[in-house]
file target.txt (compact mmCIF, C-alpha atoms)
# COMPACT_ATOMS: atom_id res chain seq x y z
CA MET R 1 94.25 98.23 69.32
CA LEU R 2 96.21 98.30 72.60
CA THR R 3 99.22 95.98 72.79
CA ASP R 4 101.91 95.42 75.37
CA LYS R 5 105.66 95.53 74.66
CA ILE R 6 105.75 92.02 73.13
CA GLY R 7 102.85 92.58 70.76
CA MET R 8 100.24 90.67 72.75
CA LYS R 9 96.76 92.14 72.32
CA LEU R 10 95.08 93.23 75.55
CA SER R 11 91.81 92.13 73.95
CA ASP R 12 93.10 88.54 74.24
CA PHE R 13 92.35 88.84 77.95
CA GLU R 14 88.76 90.01 77.52
CA PHE R 15 86.24 87.21 77.83
CA ASP R 16 82.87 86.41 79.32
CA LEU R 17 83.09 84.47 82.56
CA PRO R 18 79.85 82.89 83.75
CA GLU R 19 79.07 84.01 87.30
CA GLU R 20 78.63 80.43 88.51
CA LEU R 21 82.29 79.76 87.66
CA ILE R 22 83.61 82.61 89.81
CA ALA R 23 84.73 81.54 93.27
CA GLN R 24 82.85 83.58 95.84
CA VAL R 25 84.65 82.27 98.94
CA PRO R 26 88.12 80.78 99.33
CA PRO R 27 88.48 77.04 99.99
CA LYS R 28 88.80 75.94 103.63
CA SER R 29 92.35 74.81 102.93
CA ARG R 30 94.61 76.32 100.26
CA ASP R 31 95.53 72.91 98.88
CA GLU R 32 91.83 72.36 98.08
CA ALA R 33 91.90 75.19 95.55
CA ARG R 34 90.78 74.13 92.10
CA LEU R 35 93.45 73.51 89.48
CA LEU R 36 92.92 73.35 85.73
CA VAL R 37 95.60 71.33 83.96
CA VAL R 38 96.02 71.59 80.19
CA SER R 39 97.78 68.73 78.43
CA ARG R 40 100.11 70.33 75.90
CA SER R 41 100.26 67.16 73.82
CA THR R 42 96.51 66.52 73.53
CA GLY R 43 94.92 69.79 74.58
CA ALA R 44 92.81 67.88 77.10
CA LEU R 45 91.54 69.81 80.14
CA ILE R 46 91.84 68.09 83.50
CA HIS R 47 89.96 69.43 86.52
CA SER R 48 92.00 68.80 89.63
CA GLU R 49 93.00 70.33 92.98
CA PHE R 50 96.20 72.13 93.88
CA ARG R 51 97.23 69.33 96.25
CA ALA R 52 97.53 67.04 93.17
CA LEU R 53 100.00 69.35 91.41
CA PRO R 54 102.99 66.99 91.87
CA GLU R 55 101.04 64.27 90.05
CA HIS R 56 100.80 66.50 86.97
CA LEU R 57 104.52 67.34 86.79
CA ASP R 58 107.46 65.35 85.50
CA SER R 59 111.19 65.80 85.91
CA SER R 60 111.54 67.94 82.77
CA ASP R 61 108.92 70.49 83.88
CA LEU R 62 109.83 73.91 85.19
CA LEU R 63 107.64 75.23 87.99
CA VAL R 64 107.65 79.00 88.43
CA LEU R 65 106.27 80.31 91.72
CA ASN R 66 104.75 83.75 92.02
CA GLN R 67 105.44 85.17 95.45
CA SER R 68 104.04 88.60 94.73
CA ALA R 69 101.73 90.16 97.26
CA VAL R 70 98.59 92.12 96.59
CA PHE R 71 98.50 95.57 98.15
CA PRO R 72 95.92 98.37 98.10
CA ALA R 73 97.27 99.95 94.90
CA ARG R 74 94.10 101.87 93.95
CA LEU R 75 93.87 105.37 95.41
CA PHE R 76 91.06 107.89 95.06
CA GLY R 77 91.81 111.56 95.42
CA ARG R 78 91.00 115.00 94.12
CA ARG R 79 92.82 118.03 92.83
CA PRO R 80 93.00 120.74 95.53
CA GLY R 81 90.06 123.14 95.38
CA ARG R 82 88.11 121.00 92.93
CA ASP R 83 85.20 118.66 93.47
CA GLU R 84 86.24 115.86 91.14
CA ARG R 85 87.28 112.32 91.79
CA ILE R 86 90.68 111.21 90.49
CA GLU R 87 91.53 107.50 90.46
CA VAL R 88 95.17 106.42 90.56
CA LEU R 89 96.44 102.86 90.18
CA LEU R 90 100.03 102.32 91.30
CA LEU R 91 101.81 100.31 88.58
CA ARG R 92 105.55 100.39 89.17
CA GLU R 93 107.77 101.92 91.82
CA ILE R 94 110.51 103.95 90.16
CA ALA R 95 112.13 105.22 93.36
CA PRO R 96 110.94 105.60 96.96
CA ALA R 97 107.51 107.32 96.85
CA ARG R 98 107.85 107.84 93.07
CA TRP R 99 105.54 105.71 90.94
CA GLU R 100 104.39 105.09 87.42
CA VAL R 101 100.59 105.12 87.65
CA LEU R 102 97.46 104.84 85.58
CA SER R 103 95.05 107.68 86.23
CA ARG R 104 91.44 108.53 85.43
CA PRO R 105 90.60 111.00 84.13
CA ALA R 106 94.14 111.27 82.81
CA ARG R 107 93.66 114.40 80.71
CA LYS R 108 93.12 116.47 83.87
CA LEU R 109 96.53 115.52 85.25
CA GLN R 110 99.12 117.61 83.46
CA PRO R 111 102.72 117.96 84.73
CA ASP R 112 102.95 119.80 88.07
CA ALA R 113 99.29 119.07 88.94
CA PHE R 114 98.70 117.98 92.54
CA ILE R 115 96.35 115.31 93.86
CA GLU R 116 95.26 115.01 97.50
CA PHE R 117 94.36 111.64 98.97
CA GLY R 118 92.36 111.26 102.16
CA ARG R 119 92.05 114.69 103.75
CA GLY R 120 95.36 115.77 102.29
CA ASP R 121 97.23 113.14 104.32
CA LEU R 122 99.01 112.03 101.15
CA THR R 123 99.71 114.20 98.12
CA GLY R 124 100.98 113.34 94.67
CA ARG R 125 102.59 115.65 92.12
CA VAL R 126 102.53 114.77 88.42
CA GLU R 127 106.11 114.75 87.18
CA GLU R 128 105.63 113.22 83.72
CA GLN R 129 102.87 112.08 81.43
CA SER R 130 102.70 109.51 78.64
CA ASN R 131 100.06 107.93 76.46
CA GLY R 132 97.29 105.70 77.73
CA GLY R 133 96.66 107.57 80.96
CA LYS R 134 100.08 106.80 82.45
CA ARG R 135 101.74 109.38 84.65
CA VAL R 136 104.72 109.51 86.99
CA LEU R 137 103.77 110.78 90.45
CA SER R 138 105.97 111.71 93.37
CA PHE R 139 104.25 111.34 96.75
CA GLN R 140 104.61 113.24 100.03
CA PRO R 141 105.23 112.57 102.83
CA GLU R 142 107.78 110.12 101.50
CA ASP R 143 108.61 108.62 104.90
CA ARG R 144 104.98 107.60 105.54
CA PHE R 145 104.09 106.60 101.99
CA TRP R 146 103.51 102.88 102.62
CA ASP R 147 101.54 103.43 105.83
CA LEU R 148 99.27 105.92 104.05
CA VAL R 149 98.79 103.66 101.02
CA GLU R 150 97.77 100.81 103.35
CA TRP R 151 95.31 103.13 105.08
CA LEU R 152 93.89 105.02 102.09
CA GLY R 153 94.20 102.51 99.27
CA GLU R 154 91.93 99.77 97.99
CA VAL R 155 92.92 96.42 96.56
CA PRO R 156 92.27 96.57 92.81
CA LEU R 157 89.81 93.79 92.04
CA PRO R 158 88.98 92.45 88.61
CA PRO R 159 85.67 93.75 87.25
CA TYR R 160 83.98 90.34 87.57
CA ILE R 161 84.25 90.30 91.39
call {"tool": "encode", "arguments": {"input": "target.txt", "output": "structure tokens"}}
result
Amino acid sequence: MLTDKIGMKLSDFEFDLPEELIAQVPPKSRDEARLLVVSRSTGALIHSEFRALPEHLDSSDLLVLNQSAVFPARLFGRRPGRDERIEVLLLREIAPARWEVLSRPARKLQPDAFIEFGRGDLTGRVEEQSNGGKRVLSFQPEDRFWDLVEWLGEVPLPPYI
């Protein structure tokens, strides 16, 4: 059983989602986005819109805003001289152009292995490995890392999209 650092089971996030409930296009206006409100006191579900959010809050509520941005964190590459596809998902930046990543297939990426992305425009060297497919990669050229990730990467989408 896979768990995160606070003991939550990753399987808690696995569920069937009927296709008709998956938004296929964004709303015309962001404030028209659907909002599901759960009453903590009764457990009742209220279907609403984002524009009505202030109506569902009271003075004792804490509203936390997520201002994170999605970036093309999924890279596909290959080990030099080999005809195999290596997938890398950037998880956490440790230092400039040095990242903790998930990789597939992970077993092929031992310390000091190299991965080429694009036509060798970006390279990654495995510095460390840990369980669960995680690796630490250092990327070159460091000064063009973000430009190359924007060009070569893909936005990681959930499997239901």
call {"tool": "residues_around", "arguments": {"input": "target.txt", "residues": "range 22-39 of chain R", "least_positions_apart": "4", "cutoff": "10 Å", "atoms": "only C-alpha atoms", "output": "CSV table (one decimal) with C-alpha atoms, in the frame of the given file"}}
result
chain,number,residue,atom,x,y,z
R,17,LEU,CA,83.1,84.5,82.6
R,18,PRO,CA,79.8,82.9,83.8
R,43,GLY,CA,94.9,69.8,74.6
R,44,ALA,CA,92.8,67.9,77.1
R,45,LEU,CA,91.5,69.8,80.1
R,46,ILE,CA,91.8,68.1,83.5
R,47,HIS,CA,90.0,69.4,86.5
R,48,SER,CA,92.0,68.8,89.6
R,49,GLU,CA,93.0,70.3,93.0
R,50,PHE,CA,96.2,72.1,93.9
R,51,ARG,CA,97.2,69.3,96.2
R,52,ALA,CA,97.5,67.0,93.2
R,53,LEU,CA,100.0,69.4,91.4
R,56,HIS,CA,100.8,66.5,87.0
R,160,TYR,CA,84.0,90.3,87.6
R,161,ILE,CA,84.2,90.3,91.4
call {"tool": "closest_residue", "arguments": {"input": "target.txt", "among": "R:Leu137, R:Ile94, R:Leu152, R:Val88", "to": "Gln110 in chain R", "atoms": "only C-alpha atoms"}}
result
R:Leu137
call {"tool": "closest_residue", "arguments": {"input": "target.txt", "among": "R:Arg92, R:Arg107, R:Arg79, R:Lys134", "to": "Gly120 in chain R", "atoms": "all atoms listed in the file"}}
result
R:Arg79
call {"tool": "residues_around", "arguments": {"input": "target.txt", "residues": "Pro72 in chain R", "least_positions_apart": "2", "cutoff": "10 Å", "atoms": "only C-alpha atoms", "output": "VMD selection string"}}
result
chain R and resid 70 74 to 75 89 to 90 146 149 to 157
call {"tool": "residues_around", "arguments": {"input": "target.txt", "residues": "Glu127 in chain R", "least_positions_apart": "3", "cutoff": "10 Å", "atoms": "only C-alpha atoms", "output": "list in words"}}
result
Arg98, Trp99, Glu100, Leu109, Gln110, Pro111, Asp112, Ala113, Phe114, Gly124, Arg135, Val136, Leu137 and Ser138 of chain R
call {"tool": "atom_distance", "arguments": {"input": "target.txt", "atom1": "CA of Pro141 in chain R", "atom2": "CA of Ala95 in chain R"}}
result
13.8 Å
call {"tool": "closest_residue", "arguments": {"input": "target.txt", "among": "R:Asn66, R:Ser103, R:Ser41, R:Ser60", "to": "Asn131 in chain R", "atoms": "all atoms listed in the file"}}
result
R:Ser103
call {"tool": "residues_around", "arguments": {"input": "target.txt", "residues": "Pro96 in chain R", "least_positions_apart": "3", "cutoff": "9 Å", "atoms": "all atoms listed in the file", "output": "list in words"}}
result
Glu93, Trp99, Ser138, Phe139, Glu142, Asp143 and Phe145 of chain R
call {"tool": "atom_distance", "arguments": {"input": "target.txt", "atom1": "CA of Lys108 in chain R", "atom2": "CA of Arg85 in chain R"}}
result
10.7 Å
call {"tool": "residues_around", "arguments": {"input": "target.txt", "residues": "Pro105 in chain R", "least_positions_apart": "4", "cutoff": "8 Å", "atoms": "all atoms listed in the file", "output": "list in words"}}
result
Ile86, Glu87, Leu109 and Gly133 of chain R
call {"tool": "atom_distance", "arguments": {"input": "target.txt", "atom1": "CA of Leu148 in chain R", "atom2": "CA of Phe117 in chain R"}}
result
9.1 Å
call {"tool": "closest_residue", "arguments": {"input": "target.txt", "among": "R:Arg82, R:Glu128, R:Pro54, R:Val64", "to": "Glu116 in chain R", "atoms": "all atoms listed in the file"}}
result
R:Arg82
call {"tool": "closest_residue", "arguments": {"input": "target.txt", "among": "R:Ala69, R:Leu21, R:Ala97, R:Ile115", "to": "Asp147 in chain R", "atoms": "only C-alpha atoms"}}
result
R:Ala97
call {"tool": "closest_residue", "arguments": {"input": "target.txt", "among": "R:Val126, R:Pro80, R:Asp58, R:Asp121", "to": "Val101 in chain R", "atoms": "all atoms listed in the file"}}
result
R:Val126
